[in-house]
Amino acid sequence: MNNFSYTRAGDVSTAVSEIARDNEAKFIAGGTNLIDLMKENVARPSRLIDITRLPFDKIEETEDGGLRIGALVTNTDVAYDEQVEKRYPLISEAILAGASPQLRNMATTGGNLMQRTRCYYFYDTATPCNKREPGTACSAINGFNRIHAILGASEYCIATHPSDMCVALAALEATVRVTGKDGERAIPFAEFHRLPGDAPQTDTNLRADEIITAVDLPAKGFAENYTYLKVRDRASYAFALVSVAAALEMDGSAIKEARLALGGVAHKPWRDAEAEAMLNGKEASKENFQKAAEAILRDAKGFGHNDFKIELAKRAVVRALRQASAMGEMGKRYDDKLHRTADKPR
Amino acid sequence: MNNKADSEIVGKVPASGPAKSSITLKVNGMEKRLEVAPWTTLLDLLREYLDLTGTKKGCDHGQCGACTVLVDGRRVNSCLTLAIMKDGAEVVTIEGLAEGDALHPLQQAFIEHDAFQCGYCTPGQICSAVGLMNEGRAKTADEIRELMSGNICRCGAYPNILAAVQEVMQASAGRAKQ
């Protein structure tokens, strides 16, 4: 690990002015990703600004009937929060599908948004990587790319965003609240993370002097019909090869409103307005689910080792929609049971 | 670390490095005042400064769980925790679980169920199981497996680890009912 100095921010304005003063400084909260990157020499901050004592540790109701999750609330505390479990169970499910209990006890809401890709080449300082060292190359495109993107990638980078929670937040259309030198602003979740384009070193649209203070959830939580389906190499404690957050508003057996977000397939949680619109007002049928799956993956492109993800993602979309729409009727438990049996090694 | 990275680091950092800071930690019930560098992890502090070598360094990247300790009652990976950030916290390690010669019920159950072979992951497994029980989220065998998934055992003692945790959990649930 590189040498660095350490300060603890006592208030938001100090945190913001300190980060603005030193472009090699970084905020630290849970540290679960940053310290790991520092040990690998991928992140080499000159200074860490400890923000864990800032007052962003609460979950509160918002004026418009939603919920505000402070940036420092741990993944564990969000997942098991009574309001979140009741009104936004998709978020609880997504968080609990990720990492381990130890890491969830440490990792924060803001940090989850800011975590970097787990692309092996990004982590390996002996190989070129445009995200780590802009202008070198993408080693994954012609390398081992089993875990890499099938949507929205560029010739510069085919990394994926590793978060589960963010996939649920994208589906629910959360808002990221940030504070910077020029004051506060709210960033719609879809605009928070960016696609790699020709600048894969930049993961988000957060400015250098800004800090995340909270994530706001809108009033509508899709608590009746939802599923977070995660497909991975082992039954627990692994990143998604493909994940699907499906949230439906049902009207009998018809879909009134559909939200669909994919994880593990792109540089950001992947949504597709066209695919969602195809489901609105339609019967919840396998045929309609299949059409939506084809639509959301219509531009998918594999790079060799990850070609399998395209078909896998389609099937995961169909299954997630089936599970979400069947909740409360034939029962989620039944589908969960099927799911668990399928997960067991033979 | 490659040579290029080495030379860059030497170029950037003053030879002395940033000063150490004074922190206070309560470790296994004893208050400790310590001088730590910013980059000292809680794991290294426990092992190298406090001689509490029960907590193990496995992967050092938060993937194996061997370094699991309890900070303010919650299980965390001490390898990904900077000690300086935990000023004022209460830390419990495997050394702090027994009361004198009386083993913690989980320690006893691990012995009785033969829940380890090489033993390297065991301190982390046991601290993690203490955290699991504090959390009170796991009831079934499946839930215990899922919520112990942050602790890897390369000897594959999982069935016996599960049996040990289950036994202590059932015993403590039984006591709570009485």
# chains A, B, ... in the order shown; residues from 1 in each chain; ligands from 1
$ interface_residues --of "chain B" --to "chain A" --cutoff "6 Å" --atoms "only C-alpha atoms" --output "VMD selection string"
chain B and resid 18 38 61 75 to 77 80 150
$ residues_around --residues "Cys119 of chain A" --least-positions-apart "5" --cutoff "9 Å" --atoms "only C-alpha atoms" --output "ChimeraX atom specification"
/A:124,140,145,147-148,158-160
$ residues_around --residues "segment 85-95 of chain B" --least-positions-apart "6" --cutoff "6 Å" --atoms "only C-alpha atoms" --output "CSV table (one decimal) with C-alpha atoms, in the first residue's frame"
chain,number,residue,atom,x,y,z
B,23,ILE,CA,-6.1,6.1,19.2
B,24,THR,CA,-7.9,4.3,21.9
B,25,LEU,CA,-9.4,0.9,21.5
B,26,LYS,CA,-11.1,-1.4,23.9
B,27,VAL,CA,-9.8,-4.8,22.9
B,28,ASN,CA,-11.3,-7.8,24.6
B,69,VAL,CA,-13.5,-9.9,14.5
B,70,LEU,CA,-16.4,-8.1,16.2
B,71,VAL,CA,-16.3,-4.3,16.2
B,72,ASP,CA,-18.9,-2.7,18.5
B,123,PRO,CA,-11.1,-18.1,14.8
$ residues_around --residues "segment 163-175 of chain B" --least-positions-apart "3" --cutoff "7 Å" --atoms "only C-alpha atoms" --output "MDAnalysis selection string"
chainID B and resid 105:106 109:110 113 115 129 159:160 178
